[in-house]
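Heads up, the thing below is written out as structure tokens.
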Amino acid sequence: MDVRRFTKPTTIAGDILAKQNIYGRGSTDDKGPVLAWLSALEAYQKAEVDVPVNLRFCFEGMEESGSVRFSEFAQEHKDIFTKVGAACISDNYWLTTRKPSLAGHGPVPLHSGIYRGTVHEPMTELVIMLSKLADSNGNILIPGINGLVDDVTPDKIAQYEDIDFDMDEFRSTIGSEAAIYATAKDTLMHRWRYPSITIHGINGADPSPNQTTAIYSKVTGKFSIRTVPTMEGKAVTALMVHYLEQEFKKLGSTNTCEVKQFGESAPYWVANTEDSEFAAGRAATNRVYNTKPDLTRESGSIGVTLDIQKALGHDKSIMLLPVGRSDDGAHCPHEKLDRDNHIEERKLLGAYWWYFANE
């Protein structure tokens with residue numbers, strides 16, 4: 001991490017109340033949310049009020065690196081989770097900036113001036129291959145992928161009408177007019193109910209802004225497919241690999257192409273939003289923010305959720321209770337956490353414990 005990219009001064013603890021935002025890497029993902037949990041516990045202690053539930057904290061600091069060995073740890077130490085009634089994770093964000101929510105990847109280069117037009121260029125072919133993945137509206141072009149997605153029933157579609165989501169605010173958050181869909185319902189359904197493909201980058205070519213004449217002999221493209229319930233990772237991978245291999249054959253190239261998966265695909269996870277833990281989350285949100293929380297269907301790529309679910313057993317509940325807002329800019333140079341969230345989320349967590357104990 002290049003700390004010089006963070007141009008905003010990080011607010012020290014004693015100066016928090018005088019600032020609107022707290023800036024710094026981890027302010028919203030995920031040091032700020034961890035601090036909110038500890039601060040809620042401290043508030044009970046200072047008020048000399050017994051904490052209404054038994055708490056067991058699990059701090060896992062490698063989520064951004066794939067949570068290496070956590071899955072094995074959770075399985076090897078199931079005794080840690082045996083008597084746990086439910087789990088709650090704060091590593092996601094509000095859907096908007098206004099309303100709380102709950103949520104249930106050899107050879108040397110050639111000179112282009114000499115060899116252009118006479119060789120099969122890997123970069124050209126890679127760009128062609130990547131263009132076969134999705135159209136300009138984000139629709140996946142891989143045959144069979146959409147057939148793996150659950151049908152969306154009319155009652156599920158109706159739920160999107162009640163979610164507080166504003167398209168003007170969404171465009172402000174992304175900082176452009178690049179929104180594909182005009183309505184909140186279509187935007188949220190394609191964000192939560194349908195799979196999507198993102199192309200992340202190309203390795204092996206010239207990364208500089210300078211003029212170049214090289215034809216690189218090996219390039220690698222990286223992309224990910226965000227799946228939704230109840231898509232199975234193995235089926236998605238098989239369809240994707242077969243499709244790209246067939247598309248490469250159509251090029252008639254003398255180059256070679258290898259399509260492979262990096263790491264393991266994450267299974268889907270869906271919570272029961274009607275259980276007692278979510279009831280406690282809704283009650284606590286209403287108490288602190290005087291509003292009903294939106295129930296979202298996203299959790300980023302928090303692999304430990306699945307690991308904890310396996311350790312707890314599928315009869316136990318897990319809820320994702322966000323601390324930050326949609327515009328916090330996690331991982332970005334100006335990552336921040338709003339002061340109001342820093343304060344109110346401590347109240348929310350304390351109320352959540354109380355309602356969970358008394359449901």
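To be explicit about the labels: the chains of the structure tokens are called A, B, and onward in the order shown, and within each one the residues are counted from 1, while ligands get numbers from 1 in the order they are shown.
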What are the nearest atom pairs, with distances in Å to one decimal, for all residues of range 164-269 of chain A that come at most 8 Å from range 149-158 of chain A, using only C-alpha atoms, set out by chain and rising residue number as CSV?
```
residue,atom,partner,partner_atom,distance
A:Arg193,CA,A:Val152,CA,7.9
A:Tyr194,CA,A:Val149,CA,7.1
A:Pro195,CA,A:Val149,CA,7.8
A:Val228,CA,A:Val149,CA,6.9
A:Pro229,CA,A:Asp150,CA,6.6
A:Thr230,CA,A:Asp150,CA,6.2
A:Met231,CA,A:Val149,CA,5.9
```
Any idea what's packed within 12 Å of range 286-295 of chain A, counting only C-alpha atoms, ignoring anything in its chain fewer than 6 positions away? Could you give it as a CSV table (one decimal) with N, CA and C atoms, in the first residue's frame?
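Writing the result to around31.csv gives the following:
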```csv
chain,number,residue,atom,x,y,z
A,93,TYR,N,-21.7,-2.7,3.9
A,93,TYR,CA,-22.0,-1.3,3.9
A,93,TYR,C,-23.5,-1.1,3.7
A,94,TRP,N,-24.0,0.1,4.2
A,94,TRP,CA,-25.4,0.5,3.9
A,94,TRP,C,-25.5,0.5,2.4
A,95,LEU,N,-26.8,0.3,1.9
A,95,LEU,CA,-27.1,0.3,0.5
A,95,LEU,C,-27.0,1.8,0.0
A,96,THR,N,-27.3,2.7,0.8
A,96,THR,CA,-27.3,4.2,0.5
A,96,THR,C,-26.5,4.9,1.6
A,98,ARG,N,-28.2,7.1,3.4
A,98,ARG,CA,-29.2,7.6,4.3
A,98,ARG,C,-29.8,6.6,5.3
A,99,LYS,N,-29.8,5.3,4.9
A,99,LYS,CA,-30.6,4.3,5.6
A,99,LYS,C,-29.8,3.1,5.9
A,100,PRO,N,-29.9,2.6,7.1
A,100,PRO,CA,-29.2,1.3,7.5
A,100,PRO,C,-29.7,0.1,6.7
A,101,SER,N,-29.0,-0.9,6.7
A,101,SER,CA,-29.4,-2.2,6.1
A,101,SER,C,-28.8,-3.4,6.8
A,102,LEU,N,-29.4,-4.5,6.5
A,102,LEU,CA,-28.9,-5.8,7.0
A,102,LEU,C,-28.7,-6.7,5.7
A,103,ALA,N,-27.7,-7.6,5.8
A,103,ALA,CA,-27.5,-8.4,4.6
A,103,ALA,C,-27.2,-9.9,5.0
A,104,GLY,N,-28.1,-10.6,4.4
A,104,GLY,CA,-28.1,-12.0,4.5
A,104,GLY,C,-27.3,-12.7,3.4
A,159,GLN,N,-40.7,-6.9,-3.7
A,159,GLN,CA,-40.0,-6.4,-2.5
A,159,GLN,C,-39.0,-5.3,-2.9
A,160,TYR,N,-38.6,-5.2,-4.2
A,160,TYR,CA,-37.7,-4.1,-4.6
A,160,TYR,C,-38.3,-2.8,-4.6
A,161,GLU,N,-39.7,-2.8,-4.7
A,161,GLU,CA,-40.4,-1.5,-4.8
A,161,GLU,C,-40.3,-0.7,-3.5
A,162,ASP,N,-40.1,-1.4,-2.4
A,162,ASP,CA,-40.1,-0.8,-1.1
A,162,ASP,C,-38.7,-0.4,-0.6
A,163,ILE,N,-37.7,-0.7,-1.3
A,163,ILE,CA,-36.3,-0.4,-0.9
A,163,ILE,C,-35.9,1.0,-1.2
A,164,ASP,N,-35.4,1.7,-0.2
A,164,ASP,CA,-35.0,3.1,-0.3
A,164,ASP,C,-33.7,3.2,-1.1
A,165,PHE,N,-33.8,3.4,-2.4
A,165,PHE,CA,-32.6,3.5,-3.2
A,165,PHE,C,-32.9,4.5,-4.3
A,188,LEU,N,-31.0,-2.7,-8.8
A,188,LEU,CA,-30.8,-3.6,-7.6
A,188,LEU,C,-31.0,-5.1,-8.0
A,192,TRP,N,-28.1,-7.8,-7.3
A,192,TRP,CA,-28.3,-8.8,-6.3
A,192,TRP,C,-28.9,-10.2,-6.9
A,270,VAL,N,-27.1,-17.7,1.7
A,270,VAL,CA,-28.3,-17.0,1.9
A,270,VAL,C,-28.8,-17.2,3.4
A,271,ALA,N,-29.1,-16.1,4.0
A,271,ALA,CA,-29.6,-16.2,5.4
A,271,ALA,C,-31.1,-16.3,5.5
A,272,ASN,N,-31.6,-16.7,6.6
A,272,ASN,CA,-33.0,-16.7,6.9
A,272,ASN,C,-33.4,-15.4,7.6
A,273,THR,N,-33.9,-14.4,6.8
A,273,THR,CA,-34.2,-13.1,7.3
A,273,THR,C,-35.4,-13.0,8.3
A,274,GLU,N,-36.0,-14.2,8.5
A,274,GLU,CA,-37.2,-14.2,9.4
A,274,GLU,C,-36.9,-14.8,10.7
A,278,PHE,N,-32.3,-11.7,12.9
A,278,PHE,CA,-32.7,-10.6,12.1
A,278,PHE,C,-33.8,-9.8,12.7
A,279,ALA,N,-34.7,-10.4,13.5
A,279,ALA,CA,-35.7,-9.7,14.2
A,279,ALA,C,-35.0,-8.7,15.2
A,280,ALA,N,-34.0,-9.2,15.8
A,280,ALA,CA,-33.2,-8.3,16.7
A,280,ALA,C,-32.6,-7.2,16.0
A,319,MET,N,-25.9,-13.0,10.5
A,319,MET,CA,-26.4,-11.7,10.0
A,319,MET,C,-25.2,-10.8,9.7
A,320,LEU,N,-25.3,-10.1,8.6
A,320,LEU,CA,-24.3,-9.1,8.3
A,320,LEU,C,-24.8,-7.7,8.6
A,321,LEU,N,-24.2,-7.1,9.6
A,321,LEU,CA,-24.7,-5.8,10.1
A,321,LEU,C,-23.7,-4.7,9.8
A,322,PRO,N,-23.9,-3.9,8.8
A,322,PRO,CA,-22.9,-2.9,8.3
A,322,PRO,C,-22.8,-1.7,9.3
A,340,ASP,N,-21.1,10.3,12.3
A,340,ASP,CA,-22.4,9.9,12.9
A,340,ASP,C,-22.5,8.4,12.9
A,341,ASN,N,-22.0,7.7,11.9
A,341,ASN,CA,-22.0,6.2,11.9
A,341,ASN,C,-21.1,5.7,13.0
A,343,ILE,N,-20.6,6.9,15.8
A,343,ILE,CA,-21.3,7.0,17.1
A,343,ILE,C,-22.5,6.1,17.2
A,344,GLU,N,-23.4,6.3,16.1
A,344,GLU,CA,-24.7,5.6,16.2
A,344,GLU,C,-24.6,4.1,16.1
A,345,GLU,N,-23.5,3.6,15.4
A,345,GLU,CA,-23.4,2.1,15.2
A,345,GLU,C,-23.0,1.5,16.6
A,346,ARG,N,-22.4,2.2,17.4
A,346,ARG,CA,-22.1,1.6,18.8
A,346,ARG,C,-23.4,1.4,19.5
A,347,LYS,N,-24.3,2.4,19.4
A,347,LYS,CA,-25.6,2.2,20.0
A,347,LYS,C,-26.4,1.1,19.3
A,348,LEU,N,-26.3,1.0,18.0
A,348,LEU,CA,-27.0,-0.1,17.3
A,348,LEU,C,-26.6,-1.5,17.8
A,349,LEU,N,-25.3,-1.7,17.9
A,349,LEU,CA,-24.8,-3.0,18.3
A,349,LEU,C,-25.2,-3.3,19.8
A,350,GLY,N,-25.1,-2.3,20.7
A,350,GLY,CA,-25.6,-2.5,22.0
A,350,GLY,C,-27.1,-2.9,22.1
A,351,ALA,N,-27.9,-2.2,21.3
A,351,ALA,CA,-29.3,-2.5,21.2
A,351,ALA,C,-29.6,-3.9,20.6
A,352,TYR,N,-28.8,-4.2,19.6
A,352,TYR,CA,-28.9,-5.5,18.9
A,352,TYR,C,-28.7,-6.6,19.9
A,354,TRP,N,-29.2,-6.5,23.1
A,354,TRP,CA,-30.3,-6.5,24.1
A,354,TRP,C,-31.5,-7.2,23.5
A,355,TYR,N,-31.9,-6.8,22.2
A,355,TYR,CA,-33.0,-7.4,21.6
A,355,TYR,C,-32.8,-8.9,21.3
```
If DSSP is run on the backbone, what residues of range 185-340 of chain A are alpha helix (DSSP H)? A reply as a PyMOL selection string would be ideal. chain A and resi 185-192+233-250+276-289+304-312+339-340
Please identify all polymer residues within 9 Å of range 305-310 of chain A, counting only C-alpha atoms, omitting same-chain residues fewer than 3 positions from it, and present them as a list of chain:residue names. A:Phe70, A:Ser71, A:Glu72, A:Ala74, A:Gln75, A:Phe81, A:Ala87, A:Ile89, A:Ala266, A:Pro267, A:Tyr268, A:Trp269, A:Ile302, A:Gly313, A:His314, A:Asp315, A:Lys316, A:Ser317, A:Ile318, A:Leu320
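Proximity to Gly32 in chain A was assessed for A:Ser90, A:Ser196, A:Ser276, A:Asn137 counting only C-alpha atoms; the smallest distance is recorded for A:Ser90.
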DSSP strand (DSSP E or B) residues within range 104-292 of chain A, listed as an NGL selection string: :A and (110-111 or 134 or 140 or 196-203 or 214-215 or 220-226)
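Atom pair CA of His77 in chain A / CA of Ser39 in chain A: separated by 27.5 Å.
The space separating CA of Gly201 in chain A from CA of Gly221 in chain A comes to 5.9 Å.
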